[in-house]
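Below is one structure, written out as structure tokens; the observations come after it.
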Amino acid sequence: MSSIPGSSSCEVGAKPLWRPHAAGVLLGLGLLLTFVLTGHGLGGSGFTTALAAKSAQVVAPAATEANSYFGGMVEEGRNPLDAWITWQVIGVAFGALIGALSARRFKIQLDGPGALGKPGRIAMALVGGMVAGFGARISLGCTSGLGLSGAATLATAGFVFLGGFFISGAVFGLLTRRLWK
Amino acid sequence: MTFPIGFDGILSGLLCGLVFGFALERAGFASGCKLTAQLRFQDWAVFNVMFTAILVCAVGLYVLRLAGLVDMEQVYIPTTYLWATALGGVGVGAGMAIGGYCPGTSVVGFMSGRIDGLVFFIGIIAGTWLFAGAYDFLLPMLEALPGPEAQTLSELAGVPDWVVLVALTAVAAIVGWFTARPKATA
């Protein structure tokens, strides 16, 4: 059982996590730094979209260039991965690795819904990723880019997104609650 | 000197990302179990971390703007497309409840050793391909009901920014006060 009040019994490793408000202050300061340096916030799905466009181009160049969504990203020899968001996601990866290693939380494992075996966990992660990836393109942003960064500018869009996110998350969270034990 | 300063190259991306990834890891957001526990109302870390971060950044931008140090005209504020913005949130929320992560946290999960984080990430790429395939069909919905460009809550409600900041602080404080207390039963 975790020692932090109001937290769940998930396995998070040997060392305790930071209290939510402490982690939130660091995250907020990092986000503020990002805004004053670049004029925009932090993101996630901007990178996965670029990677999807680039990988589609490698596999099927003609179809990708003809596609109305990906076409503009790869036309005239353009490389969608040549962007700030790519370096930001590499930074996220290193920051997370440093965090996990320094707290001795790094552990190679197939985590996921505890009530399921390996095939079930892989299937849930894959389907969940597909739904989230599709959704993040509909809204032009994900939890980071629209929910967090948008709301920090007080944008209506950020709060509309977060409303949809939490309501849907709660509904599907209750439907899947027996699997996450 | 006024911000933003347009420092948006490789070093900028690495630096901002480093802080972001480290903070998410320290919050426990490498764990799909912990992230989805919020959606089952067993753990309030996602709400408390996000709301705290939003407030710290929003108040910071407000103070810097009052001090004449930030030009908000140069800061990107997204625009609402009512159906698309809300339905996208519905998709990302459902995806997290099913698979455990969102795009950013799947990277954090994988970098802490979780294979399911990588699988989720691959799923995002596949979901983006599906979206690209369905783009022409979806386009009318994506562009439906656009709100005013770069509209803020303050503009929507017709109140000064500080009123919105006070209201959001009140929400964060009330939720934080109730959820940061030990559970009644062990």
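Going through the structure tokens in order, the chains are called A, B, and so on, while each chain numbers its residues from 1 and the ligands are numbered from 1 in the order shown.
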Margin query: Env of Ser12 (chain B): 9 Å cut, atoms = only C-alpha atoms, seq-sep filter 4 positions within chain, self excluded. Answer as number ranges by chain.
Written below: A: 34, 37-38, 84, 87-88; B: 7-8, 16-17
Margin query: Set the distance at 8 Å and use only C-alpha atoms: which residues neighbour Ser149 (chain A) once local chain neighbours fewer than 2 positions away are removed? I'd like the list as an MDAnalysis selection string.
Written below: (chainID A and resid 31 40:43 144:147 151:153 158) or (chainID B and resid 54)
Env of Ala123 (chain A): 12 Å cut, atoms = only C-alpha atoms, seq-sep filter 2 positions within chain, self excluded. Answer as a JSON list (two decimals) with C-alpha atoms, in the first residue's frame.
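selection_15.json written:
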```
[["chain", "number", "residue", "atom", "x", "y", "z"],
["A", 110, "LEU", "CA", 4.55, -6.46, -19.19],
["A", 112, "GLY", "CA", -1.35, -3.71, -17.72],
["A", 113, "PRO", "CA", -4.72, -5.01, -16.51],
["A", 116, "LEU", "CA", -5.50, -10.62, -17.77],
["A", 117, "GLY", "CA", -2.72, -12.85, -19.10],
["A", 118, "LYS", "CA", -0.03, -11.71, -21.51],
["A", 119, "PRO", "CA", -2.10, -11.86, -24.75],
["A", 120, "GLY", "CA", -4.95, -9.96, -23.08],
["A", 121, "ARG", "CA", -2.63, -7.24, -21.78],
["A", 125, "ALA", "CA", -2.65, -1.86, -24.75],
["A", 126, "LEU", "CA", -2.84, -2.04, -28.54],
["A", 127, "VAL", "CA", -6.58, -1.31, -28.75],
["A", 128, "GLY", "CA", -6.30, 1.45, -26.14],
["A", 129, "GLY", "CA", -3.46, 3.04, -28.08],
["A", 130, "MET", "CA", -5.43, 2.90, -31.31],
["B", 98, "ILE", "CA", -8.65, 0.49, -21.95],
["B", 99, "GLY", "CA", -4.90, 0.57, -22.52],
["B", 100, "GLY", "CA", -3.57, 2.46, -19.49],
["B", 116, "ASP", "CA", 2.72, -2.41, -22.53],
["B", 119, "VAL", "CA", 2.56, -1.60, -27.34],
["B", 120, "PHE", "CA", 0.24, 1.33, -26.54],
["B", 122, "ILE", "CA", 2.50, 1.34, -31.49],
["B", 123, "GLY", "CA", -1.29, 1.36, -31.16]]
```
Next item on the list: Write out as an MDAnalysis selection string all residues of region 16-183 of chain B that DSSP puts in alpha helix (DSSP H) for this structure's backbone.
Entry: chainID B and resid 16:26 32:39 45:66 82:99 103:111 115:142 153:157 161:179
Margin query: If we count only C-alpha atoms and set the cut-off at 9 Å, which residues sit around region 67-82 of chain A, ignoring sequence neighbours fewer than 4 positions away in its own chain? Please answer as a VMD selection string.
Written below: (chain A and resid 47 49 to 54 56 to 57 62 to 63 86 to 87) or (chain B and resid 129 131 to 133 135 to 136)
Notebook entry, point to check: What does the distance between CA of Gln38 (chain B) and CA of Ala155 (chain A) come to in Å, to one decimal place?
Noted result: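 It comes out at 23.6 Å.
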Note to self: Taking 5 positions as the minimum chain separation for residues in the same chain, which residues sit within 7 Å of Val131 (chain A) when counting only C-alpha atoms? Answer as a list in words.
What the structure shows: Gly91, Val92, Gly95 and Gly127 of chain B
Output N, CA, C and O atoms for every residue in the selection just made, as a short mmCIF file (atom, residue, chain, number, x, y, z; two decimals), in the first residue's frame.
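The result, stored in result_19.cif:
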```cif
data_model
loop_
_atom_site.label_atom_id
_atom_site.label_comp_id
_atom_site.auth_asym_id
_atom_site.auth_seq_id
_atom_site.Cartn_x
_atom_site.Cartn_y
_atom_site.Cartn_z
N GLY B 91 -12.25 10.00 -26.99
CA GLY B 91 -11.39 8.93 -27.51
C GLY B 91 -10.15 8.74 -26.66
O GLY B 91 -9.79 7.60 -26.31
N VAL B 92 -9.49 9.83 -26.30
CA VAL B 92 -8.26 9.72 -25.50
C VAL B 92 -8.59 9.17 -24.10
O VAL B 92 -7.85 8.34 -23.56
N GLY B 95 -9.31 5.48 -24.51
CA GLY B 95 -8.05 4.80 -24.79
C GLY B 95 -7.24 4.58 -23.53
O GLY B 95 -6.64 3.52 -23.33
N GLY B 127 -3.57 3.83 -34.86
CA GLY B 127 -4.78 4.65 -34.79
C GLY B 127 -4.68 5.90 -35.66
O GLY B 127 -5.67 6.34 -36.25
#
```
Notebook entry, point to check: Which residue out of A:Arg104, A:Arg178, A:His21, A:Lys15 has the minimum interatomic distance to chain B when only C-alpha atoms are used?
Noted result: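 Among the listed residues, A:His21 lies closest to chain B.
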Checklist line | Atomic distance CA of Lys107 (chain A) - CA of Gly32 (chain B), expressed in Å with one decimal | finding: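 So the answer is 14.0 Å.
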Item checked: Computed interatomic separation between CA of Gly117 (chain B) and CA of Gly104 (chain B) (Å) ->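 For CA of Gly117 (chain B) relative to CA of Gly104 (chain B), the distance reads 10.0 Å.
Compared by their closest atoms to Val75 (chain B), and using only C-alpha atoms, the residues A:Thr48, A:Lys181, A:Val58, A:Val36 rank with A:Val36 nearest.
Of the residues listed (B:Ala30, B:Ala58, B:Leu69, B:Ala126), B:Leu69 shows the shortest atom-to-atom separation from Phe3 (chain B); distances use only C-alpha atoms.
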Next item on the list: Compare A:Pro61, A:Gly13, A:Gly141, A:Gly173 by their minimum atom-to-atom distance to chain B, counting only C-alpha atoms, and give me the closest one.
Entry: A:Gly173
Next item on the list: Show which residues sit within 7 Å of Val92 (chain A), as number ranges by chain. Count only C-alpha atoms, and ignore same-chain residues fewer than 5 positions away.
Entry: B: 17-18, 20-21
Next item on the list: Give me the residues within 12 Å of Ser8 (chain A) as a PyMOL selection string, counting only C-alpha atoms and dropping any in the same chain fewer than 6 places off.
Entry: (chain A and resi 1-2+17+180-181) or (chain B and resi 28+31-46+179-180+182-183+186)
